[in-house]
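Containing PDB, C-alpha atoms: my_file_25.pdb.
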```
ATOM      1  CA  MET U 267      48.760  56.157 128.377
ATOM      2  CA  PRO U 268      51.933  55.010 126.676
ATOM      3  CA  ALA U 269      55.131  56.557 127.905
ATOM      4  CA  VAL U 270      56.513  59.256 125.698
ATOM      5  CA  ARG U 271      60.203  58.792 124.956
ATOM      6  CA  PRO U 272      62.343  61.841 125.385
ATOM      7  CA  THR U 273      63.195  63.642 122.235
ATOM      8  CA  SER U 274      66.385  62.194 120.870
ATOM      9  CA  ALA U 275      69.296  64.503 120.283
ATOM     10  CA  PRO U 276      70.383  65.211 116.715
ATOM     11  CA  PRO U 277      72.408  62.384 115.217
ATOM     12  CA  ARG U 278      75.761  63.698 116.354
ATOM     13  CA  ARG U 279      77.739  60.904 114.808
ATOM     14  CA  THR U 280      76.376  61.665 111.359
ATOM     15  CA  VAL U 281      77.090  65.376 111.738
ATOM     16  CA  ALA U 282      80.594  64.693 113.068
ATOM     17  CA  ARG U 283      81.349  62.372 110.176
ATOM     18  CA  ALA U 284      80.064  64.946 107.715
ATOM     19  CA  LEU U 285      82.256  67.637 109.209
ATOM     20  CA  ALA U 286      85.289  65.348 109.249
ATOM     21  CA  LEU U 287      84.746  64.371 105.624
ATOM     22  CA  ALA U 288      84.290  67.971 104.550
ATOM     23  CA  CYS U 289      87.464  69.008 106.366
ATOM     24  CA  ALA U 290      89.367  66.133 104.783
ATOM     25  CA  LEU U 291      88.236  67.140 101.307
ATOM     26  CA  ALA U 292      89.079  70.772 101.972
ATOM     27  CA  ALA U 293      92.546  69.795 103.182
ATOM     28  CA  ALA U 294      93.023  67.529 100.178
ATOM     29  CA  SER U 295      92.162  70.411  97.877
ATOM     30  CA  ALA U 296      95.238  72.277  99.099
ATOM     31  CA  THR U 297      97.578  69.506  97.961
ATOM     32  CA  ALA U 298      95.612  67.860  95.180
ATOM     33  CA  CYS U 299      97.217  67.799  91.774
ATOM     34  CA  ALA U 300     100.343  69.638  92.975
ATOM     35  CA  SER U 301     103.741  69.196  91.324
ATOM     36  CA  PRO U 302     107.147  70.222  92.722
ATOM     37  CA  VAL U 303     109.059  72.525  90.376
ATOM     38  CA  ALA U 304     112.100  73.087  92.609
ATOM     39  CA  ALA U 305     113.490  71.105  95.537
ATOM     40  CA  GLY U 306     116.417  71.066  97.956
ATOM     41  CA  LEU U 307     116.394  74.862  98.358
ATOM     42  CA  ASP U 308     117.403  76.917 101.340
ATOM     43  CA  ASP U 309     114.824  79.334 102.715
ATOM     44  CA  PRO U 310     115.950  82.518 100.846
ATOM     45  CA  GLU U 311     116.155  80.694  97.505
ATOM     46  CA  ALA U 312     112.750  79.073  98.017
ATOM     47  CA  ASN U 313     111.309  82.516  98.741
ATOM     48  CA  ARG U 314     112.852  83.891  95.534
ATOM     49  CA  VAL U 315     111.243  81.093  93.526
ATOM     50  CA  VAL U 316     107.821  81.664  95.101
ATOM     51  CA  VAL U 317     108.004  85.433  94.554
ATOM     52  CA  ALA U 318     109.079  84.994  90.914
ATOM     53  CA  LEU U 319     106.171  82.646  90.209
ATOM     54  CA  GLU U 320     103.593  84.712  92.070
ATOM     55  CA  SER U 321     104.683  87.854  90.208
ATOM     56  CA  ARG U 322     103.910  86.031  86.940
ATOM     57  CA  ALA U 323     100.420  84.953  88.081
ATOM     58  CA  VAL U 324     101.344  81.366  88.987
ATOM     59  CA  ALA U 325     100.156  80.286  92.423
ATOM     60  CA  ALA U 326     103.019  78.633  94.325
ATOM     61  CA  ARG U 327     103.801  77.558  97.848
ATOM     62  CA  LYS U 328     106.832  76.215  99.683
ATOM     63  CA  GLU U 329     106.966  73.338 102.130
ATOM     64  CA  PRO U 330     109.736  71.461 103.965
ATOM     65  CA  ASP U 331     111.683  69.051 101.780
ATOM     66  CA  GLY U 332     113.262  66.121 103.541
ATOM     67  CA  ALA U 333     113.560  65.187 107.189
ATOM     68  CA  GLY U 334     114.068  68.514 108.923
ATOM     69  CA  ASP U 335     117.310  69.444 107.183
ATOM     70  CA  GLY U 336     116.270  73.048 106.593
ATOM     71  CA  ARG U 337     115.568  72.501 102.916
ATOM     72  CA  PHE U 338     112.381  73.423 101.073
ATOM     73  CA  ARG U 339     110.578  72.608  97.859
ATOM     74  CA  VAL U 340     108.160  74.708  95.825
ATOM     75  CA  LEU U 341     104.917  73.297  94.457
ATOM     76  CA  VAL U 342     102.422  74.505  91.875
ATOM     77  CA  SER U 343      99.299  72.946  90.415
ATOM     78  CA  ASP U 344      99.736  70.337  87.695
ATOM     79  CA  SER U 345      98.032  72.560  85.154
ATOM     80  CA  GLU U 346     100.623  75.312  85.691
ATOM     81  CA  ALA U 347     103.742  73.163  86.109
ATOM     82  CA  SER U 348     105.031  73.655  82.559
ATOM     83  CA  GLU U 349     104.462  77.414  82.739
ATOM     84  CA  ALA U 350     106.215  77.540  86.117
ATOM     85  CA  LEU U 351     109.249  75.702  84.754
ATOM     86  CA  ARG U 352     109.406  78.096  81.807
ATOM     87  CA  ILE U 353     109.282  81.094  84.145
ATOM     88  CA  LEU U 354     112.021  79.684  86.377
ATOM     89  CA  ALA U 355     114.249  79.035  83.371
ATOM     90  CA  ASP U 356     113.640  82.587  82.181
ATOM     91  CA  GLU U 357     114.451  83.990  85.630
ATOM     92  CA  GLY U 358     117.524  81.794  86.104
ATOM     93  CA  LEU U 359     116.042  80.158  89.196
ATOM     94  CA  PRO U 360     116.860  78.348  91.321
ATOM     95  CA  ARG U 361     120.392  79.687  91.321
ATOM     96  CA  PRO U 362     123.159  77.075  91.298
ATOM     97  CA  ARG U 363     125.209  76.802  94.448
ATOM     98  CA  SER U 364     128.484  78.685  94.231
ATOM     99  CA  ALA U 365     131.745  77.465  95.736
ATOM    100  CA  SER U 366     132.975  79.172  98.875
ATOM    101  CA  LEU U 367     136.181  79.540 100.865
ATOM    102  CA  ALA U 368     134.772  76.980 103.304
ATOM    103  CA  ASP U 369     135.249  74.344 100.587
ATOM    104  CA  VAL U 370     138.990  74.976 100.329
ATOM    105  CA  GLY U 371     141.007  71.976 101.521
ATOM    106  CA  ARG U 372     138.157  69.492 101.444
ATOM    107  CA  GLY U 373     138.383  66.145  99.691
ATOM    108  CA  ALA U 374     142.130  65.599  99.903
ATOM    109  CA  LEU U 375     144.323  64.480 102.788
ATOM    110  CA  VAL U 376     147.500  65.985 101.354
ATOM    111  CA  PRO U 377     146.528  68.391  98.546
ATOM    112  CA  THR U 378     149.160  69.447  96.051
ATOM    113  CA  LEU U 379     150.137  73.081  95.613
ATOM    114  CA  SER U 380     148.295  73.300  92.295
ATOM    115  CA  ALA U 381     145.169  71.743  93.837
ATOM    116  CA  GLU U 382     145.258  74.250  96.693
ATOM    117  CA  ARG U 383     145.579  77.144  94.235
ATOM    118  CA  ALA U 384     142.687  75.820  92.132
ATOM    119  CA  ALA U 385     140.499  75.370  95.221
ATOM    120  CA  LEU U 386     141.383  78.847  96.467
ATOM    121  CA  ALA U 387     140.562  80.357  93.073
ATOM    122  CA  ALA U 388     137.237  78.520  92.981
ATOM    123  CA  GLY U 389     136.414  79.591  96.538
ATOM    124  CA  LEU U 390     137.245  83.243  95.893
ATOM    125  CA  GLY U 391     135.306  83.151  92.638
ATOM    126  CA  GLY U 392     132.282  81.692  94.403
ATOM    127  CA  GLU U 393     132.339  84.394  97.059
ATOM    128  CA  LEU U 394     132.550  87.082  94.380
ATOM    129  CA  GLU U 395     129.625  85.495  92.535
ATOM    130  CA  LYS U 396     127.537  85.715  95.694
ATOM    131  CA  SER U 397     128.433  89.386  96.021
ATOM    132  CA  LEU U 398     127.367  90.117  92.455
ATOM    133  CA  LEU U 399     124.087  88.252  92.932
ATOM    134  CA  GLN U 400     123.218  90.549  95.831
ATOM    135  CA  VAL U 401     122.799  93.411  93.352
ATOM    136  CA  ASP U 402     119.168  93.900  92.350
ATOM    137  CA  GLY U 403     118.697  93.012  88.689
ATOM    138  CA  VAL U 404     121.596  90.550  88.395
ATOM    139  CA  LEU U 405     120.172  87.152  87.440
ATOM    140  CA  SER U 406     123.335  85.037  87.302
ATOM    141  CA  ALA U 407     127.077  85.511  87.655
ATOM    142  CA  ARG U 408     130.195  83.500  86.968
ATOM    143  CA  VAL U 409     133.685  84.559  88.058
ATOM    144  CA  HIS U 410     136.800  82.770  86.818
ATOM    145  CA  LEU U 411     140.073  83.602  88.557
ATOM    146  CA  ASN U 412     143.598  82.814  87.485
ATOM    147  CA  LEU U 413     145.710  83.571  90.525
ATOM    148  CA  ALA U 414     149.263  84.795  90.285
ATOM    149  CA  SER U 415     151.803  81.982  90.243
ATOM    150  CA  ASP U 416     155.081  82.239  92.108
ATOM    151  CA  SER U 417     156.406  78.808  91.207
ATOM    152  CA  PRO U 418     160.211  78.633  91.259
ATOM    153  CA  LEU U 419     160.075  76.551  88.090
ATOM    154  CA  ARG U 420     158.821  79.520  86.073
ATOM    155  CA  GLU U 421     161.238  82.160  84.856
ATOM    156  CA  LYS U 422     158.601  84.861  84.888
ATOM    157  CA  LYS U 423     155.855  85.220  87.432
ATOM    158  CA  GLU U 424     152.372  84.950  85.961
ATOM    159  CA  LYS U 425     150.118  87.835  86.807
ATOM    160  CA  ALA U 426     146.611  87.293  88.098
ATOM    161  CA  THR U 427     143.704  87.634  85.683
ATOM    162  CA  ALA U 428     139.965  87.215  85.914
ATOM    163  CA  SER U 429     136.888  87.036  83.718
ATOM    164  CA  VAL U 430     133.314  87.792  84.749
ATOM    165  CA  LEU U 431     130.142  86.777  82.949
ATOM    166  CA  PHE U 432     126.833  87.983  84.339
ATOM    167  CA  THR U 433     123.289  88.301  83.068
ATOM    168  CA  TYR U 434     120.895  91.023  84.093
ATOM    169  CA  ARG U 435     117.249  91.889  83.595
ATOM    170  CA  GLY U 436     116.328  94.712  81.239
ATOM    171  CA  ALA U 437     118.240  96.801  78.750
ATOM    172  CA  THR U 438     120.457  98.658  81.234
ATOM    173  CA  SER U 439     123.028  96.900  83.377
ATOM    174  CA  PRO U 440     122.656  97.488  87.125
ATOM    175  CA  LEU U 441     126.465  97.542  87.383
ATOM    176  CA  ALA U 442     128.946  99.521  85.357
ATOM    177  CA  GLU U 443     131.920  97.620  83.952
ATOM    178  CA  ALA U 444     134.316  99.639  86.111
ATOM    179  CA  GLN U 445     132.339  98.720  89.238
ATOM    180  CA  VAL U 446     132.565  95.009  88.469
ATOM    181  CA  LYS U 447     136.302  95.296  87.814
ATOM    182  CA  ARG U 448     136.942  97.074  91.118
ATOM    183  CA  LEU U 449     134.847  94.565  93.041
ATOM    184  CA  VAL U 450     136.615  91.522  91.592
ATOM    185  CA  ALA U 451     140.086  93.040  91.829
ATOM    186  CA  ALA U 452     139.549  93.887  95.479
ATOM    187  CA  GLY U 453     138.507  90.309  96.238
ATOM    188  CA  ALA U 454     141.518  88.513  94.763
ATOM    189  CA  PRO U 455     145.199  88.884  95.675
ATOM    190  CA  GLU U 456     147.515  90.748  93.282
ATOM    191  CA  LEU U 457     144.742  91.361  90.764
ATOM    192  CA  ALA U 458     144.550  94.702  88.991
ATOM    193  CA  PRO U 459     141.218  96.052  87.685
ATOM    194  CA  ASP U 460     142.675  96.331  84.178
ATOM    195  CA  ASP U 461     143.291  92.574  84.170
ATOM    196  CA  VAL U 462     139.589  91.778  84.674
ATOM    197  CA  VAL U 463     137.434  91.097  81.608
ATOM    198  CA  VAL U 464     133.720  91.741  82.103
ATOM    199  CA  VAL U 465     130.919  90.521  79.845
ATOM    200  CA  GLY U 466     127.336  91.454  80.659
ATOM    201  CA  VAL U 467     124.442  89.775  78.862
ATOM    202  CA  PRO U 468     121.027  91.474  78.997
ATOM    203  CA  ARG U 469     117.774  89.582  79.186
ATOM    204  CA  PRO U 470     114.558  91.284  78.118
ATOM    205  CA  ALA U 471     112.273  92.353  80.922
ATOM    206  CA  ALA U 472     109.491  89.882  81.567
ATOM    207  CA  ALA U 473     106.274  91.000  79.977
ATOM    208  CA  ALA U 474     103.323  91.237  82.295
ATOM    209  CA  THR U 475     100.976  88.361  81.572
ATOM    210  CA  ALA U 476      97.418  88.079  82.689
ATOM    211  CA  ALA U 477      96.510  84.874  84.402
ATOM    212  CA  SER U 478      94.407  82.557  82.268
ATOM    213  CA  LEU U 479      90.950  82.158  83.758
ATOM    214  CA  ALA U 480      88.807  79.106  84.203
ATOM    215  CA  HIS U 481      85.100  79.161  84.962
ATOM    216  CA  VAL U 482      83.635  77.233  87.863
ATOM    217  CA  GLY U 483      79.938  77.884  87.530
ATOM    218  CA  PRO U 484      79.450  81.652  87.610
ATOM    219  CA  LEU U 485      82.906  82.194  89.105
ATOM    220  CA  ALA U 486      86.004  83.057  87.055
ATOM    221  CA  VAL U 487      89.233  82.025  88.780
ATOM    222  CA  ALA U 488      92.857  81.424  87.843
ATOM    223  CA  THR U 489      93.393  78.102  86.100
ATOM    224  CA  GLY U 490      95.521  76.745  88.915
ATOM    225  CA  SER U 491      92.788  77.508  91.467
ATOM    226  CA  ALA U 492      89.941  75.865  89.587
ATOM    227  CA  THR U 493      90.526  72.301  90.822
ATOM    228  CA  PRO U 494      90.921  73.228  94.527
ATOM    229  CA  LEU U 495      87.796  75.387  94.277
ATOM    230  CA  ARG U 496      85.805  72.526  92.762
ATOM    231  CA  LEU U 497      86.921  70.246  95.606
ATOM    232  CA  VAL U 498      85.960  72.807  98.230
ATOM    233  CA  LEU U 499      82.546  73.321  96.626
ATOM    234  CA  ALA U 500      82.035  69.568  96.415
ATOM    235  CA  ALA U 501      82.887  69.241 100.107
ATOM    236  CA  LEU U 502      80.408  71.988 100.980
ATOM    237  CA  VAL U 503      77.663  70.383  98.894
ATOM    238  CA  LEU U 504      78.314  67.037 100.563
ATOM    239  CA  LEU U 505      78.227  68.650 104.009
ATOM    240  CA  VAL U 506      74.944  70.404 103.270
ATOM    241  CA  GLY U 507      73.474  67.137 101.952
ATOM    242  CA  LEU U 508      74.488  65.212 105.049
ATOM    243  CA  LEU U 509      73.173  67.907 107.383
ATOM    244  CA  ALA U 510      69.887  67.967 105.455
ATOM    245  CA  SER U 511      69.666  64.185 105.766
ATOM    246  CA  ALA U 512      70.291  64.394 109.511
ATOM    247  CA  THR U 513      67.649  67.111 109.870
ATOM    248  CA  LEU U 514      65.091  65.047 107.930
ATOM    249  CA  THR U 515      65.831  62.002 110.093
ATOM    250  CA  LEU U 516      65.281  64.066 113.224
ATOM    251  CA  TYR U 517      62.050  65.494 111.848
ATOM    252  CA  LEU U 518      60.668  62.025 111.059
ATOM    253  CA  LYS U 519      61.487  60.806 114.561
ATOM    254  CA  LEU U 520      59.749  63.806 116.107
ATOM    255  CA  SER U 521      56.693  63.222 113.871
ATOM    256  CA  ARG U 522      56.454  59.595 114.983
ATOM    257  CA  LEU U 523      56.702  60.643 118.621
ATOM    258  CA  ARG U 524      53.912  63.195 118.216
ATOM    259  CA  GLY U 525      51.761  60.626 116.460
ATOM    260  CA  ALA U 526      52.254  58.175 119.312
ATOM    261  CA  ARG U 527      50.741  60.631 121.825
ATOM    262  CA  PRO U 528      47.010  60.023 122.780
TER
END
```
Could you show the structure in this file as structure tokens?
Amino acid sequence: MPAVRPTSAPPRRTVARALALACALAAASATACASPVAAGLDDPEANRVVVALESRAVAARKEPDGAGDGRFRVLVSDSEASEALRILADEGLPRPRSASLADVGRGALVPTLSAERAALAAGLGGELEKSLLQVDGVLSARVHLNLASDSPLREKKEKATASVLFTYRGATSPLAEAQVKRLVAAGAPELAPDDVVVVGVPRPAAAATAASLAHVGPLAVATGSATPLRLVLAALVLLVGLLASATLTLYLKLSRLRGARP
């Protein structure tokens, strides 16, 4: 009687390769066809960009940008890149970096008096801009300071003045003109509230927009999710096909072994 070979185990290599390929395709679907719409952002600004896009039905994600320098970039699908850029422009994002008092004195070994005054004015203005941007509803802010001059070459001392330009969402300003004047006057030396000019520019509230849908078989999904979903489904179909092939191979081997028995 011929010896019966032990039943061979399922083709593990084939199954392992199928699983690895499916995982690779699934991972690729997360980054496939993605475009960066903002880069070089700190963590709070990157979060603002993601929230603004998600609130307008555009799927977005942030990831580290650069070699561990604490900066991030925001990516969306290629099909929604133009819409994302339009939304960011409408929201005034990402916000430009404002000057700060930490920048005063940089870039010059022996700065002149006028250069020091200009740097101080820019630094104070930048700090005041940051304060205004902390108010909910303020989209952008610019503060221009003209500090008081006590130069001995002038017969009359120039008084300090300031101008503020800010944009806000909606028809009603989140800050009254008097509030902005008091805030700016308190942040600059020898500046009276009456010497601050404030201009507020409203922007219409963003209309709620429904996400455009794309059909993947019987499923209706957001346009930006259609391509990743197709890749995931393709990976699943490939995995099922490979597992079916491995099962059929095992079945044929078992059939031959049974047929070899007396």
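Going from atom CA of Leu405 of chain U to atom CA of Glu349 of chain U covers 19.1 Å.
Note on the selection: in this file the PyMOL selection byres ((chain U and resi 467) around 10) comes out as Val404, Leu405, Ser406, Leu431, Phe432, Thr433, Tyr434, Arg435, Gly436, Ala437, Ser439, Val465, Gly466, Pro468 and Arg469 of chain U.
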Kindly export the residues of the current selection with C-alpha atoms, as a compact mmCIF listing (two decimals), keeping the file's coordinate frame.
```txt
# COMPACT_ATOMS: atom_id res chain seq x y z
CA VAL U 404 121.60 90.55 88.40
CA LEU U 405 120.17 87.15 87.44
CA SER U 406 123.34 85.04 87.30
CA LEU U 431 130.14 86.78 82.95
CA PHE U 432 126.83 87.98 84.34
CA THR U 433 123.29 88.30 83.07
CA TYR U 434 120.90 91.02 84.09
CA ARG U 435 117.25 91.89 83.60
CA GLY U 436 116.33 94.71 81.24
CA ALA U 437 118.24 96.80 78.75
CA SER U 439 123.03 96.90 83.38
CA VAL U 465 130.92 90.52 79.84
CA GLY U 466 127.34 91.45 80.66
CA PRO U 468 121.03 91.47 79.00
CA ARG U 469 117.77 89.58 79.19
```
Find the axis-aligned box for segment 501-518 of chain U, covering all its listed atoms and adding 5 Å on each side, and write its centre and edge lengths in Å to one decimal as AutoDock Vina command-line options.
```
--center_x 71.8 --center_y 67.0 --center_z 106.1 --size_x 32.2 --size_y 20.0 --size_z 24.3
```
Rank nothing, just name the residue among U:Leu457, U:Val315, U:Ala512, U:Val462 nearest to Val303 of chain U, using only C-alpha atoms. U:Val315
Residues selected by the PyMOL selection byres ((chain U and resi 450-452) around 10), written as a PDB file with C-alpha atoms, in the coordinates of the input:
```
ATOM      1  CA  LEU U 390     137.245  83.243  95.893  1.00  0.00           C
ATOM      2  CA  GLY U 391     135.306  83.151  92.638  1.00  0.00           C
ATOM      3  CA  GLU U 393     132.339  84.394  97.059  1.00  0.00           C
ATOM      4  CA  LEU U 394     132.550  87.082  94.380  1.00  0.00           C
ATOM      5  CA  GLU U 395     129.625  85.495  92.535  1.00  0.00           C
ATOM      6  CA  SER U 397     128.433  89.386  96.021  1.00  0.00           C
ATOM      7  CA  LEU U 398     127.367  90.117  92.455  1.00  0.00           C
ATOM      8  CA  VAL U 409     133.685  84.559  88.058  1.00  0.00           C
ATOM      9  CA  HIS U 410     136.800  82.770  86.818  1.00  0.00           C
ATOM     10  CA  LEU U 411     140.073  83.602  88.557  1.00  0.00           C
ATOM     11  CA  ALA U 426     146.611  87.293  88.098  1.00  0.00           C
ATOM     12  CA  THR U 427     143.704  87.634  85.683  1.00  0.00           C
ATOM     13  CA  ALA U 428     139.965  87.215  85.914  1.00  0.00           C
ATOM     14  CA  SER U 429     136.888  87.036  83.718  1.00  0.00           C
ATOM     15  CA  VAL U 430     133.314  87.792  84.749  1.00  0.00           C
ATOM     16  CA  GLN U 445     132.339  98.720  89.238  1.00  0.00           C
ATOM     17  CA  VAL U 446     132.565  95.009  88.469  1.00  0.00           C
ATOM     18  CA  LYS U 447     136.302  95.296  87.814  1.00  0.00           C
ATOM     19  CA  ARG U 448     136.942  97.074  91.118  1.00  0.00           C
ATOM     20  CA  LEU U 449     134.847  94.565  93.041  1.00  0.00           C
ATOM     21  CA  GLY U 453     138.507  90.309  96.238  1.00  0.00           C
ATOM     22  CA  ALA U 454     141.518  88.513  94.763  1.00  0.00           C
ATOM     23  CA  PRO U 455     145.199  88.884  95.675  1.00  0.00           C
ATOM     24  CA  GLU U 456     147.515  90.748  93.282  1.00  0.00           C
ATOM     25  CA  LEU U 457     144.742  91.361  90.764  1.00  0.00           C
ATOM     26  CA  ALA U 458     144.550  94.702  88.991  1.00  0.00           C
ATOM     27  CA  PRO U 459     141.218  96.052  87.685  1.00  0.00           C
ATOM     28  CA  ASP U 460     142.675  96.331  84.178  1.00  0.00           C
ATOM     29  CA  ASP U 461     143.291  92.574  84.170  1.00  0.00           C
ATOM     30  CA  VAL U 462     139.589  91.778  84.674  1.00  0.00           C
ATOM     31  CA  VAL U 464     133.720  91.741  82.103  1.00  0.00           C
TER      32      VAL U 464
END
```
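The gap separating atom CA of Val316 of chain U from atom CA of Val340 of chain U is 7.0 Å, in Å to one decimal.
Here atom CA of Val317 of chain U and atom CA of Leu341 of chain U stand 12.5 Å from one another.
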Report as a count of residues only the residues that result from applying the PyMOL selection byres ((chain U and resi 324) around 8) to the structure here. 12
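You can rank U:Glu382, U:Asp308, U:Glu424, U:Asp344 by their closest distance to Arg363 of chain U using only C-alpha atoms, and at the top of that list sits U:Asp308.
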Which is closer to Glu311 of chain U than all the others in U:Leu354, U:Val498, U:Leu508, U:Leu485, using only C-alpha atoms? U:Leu354
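Distance check against Leu499 of chain U using only C-alpha atoms: of U:Gly336, U:Gly392, U:Gly483, U:Gly306, the minimum falls on U:Gly483.
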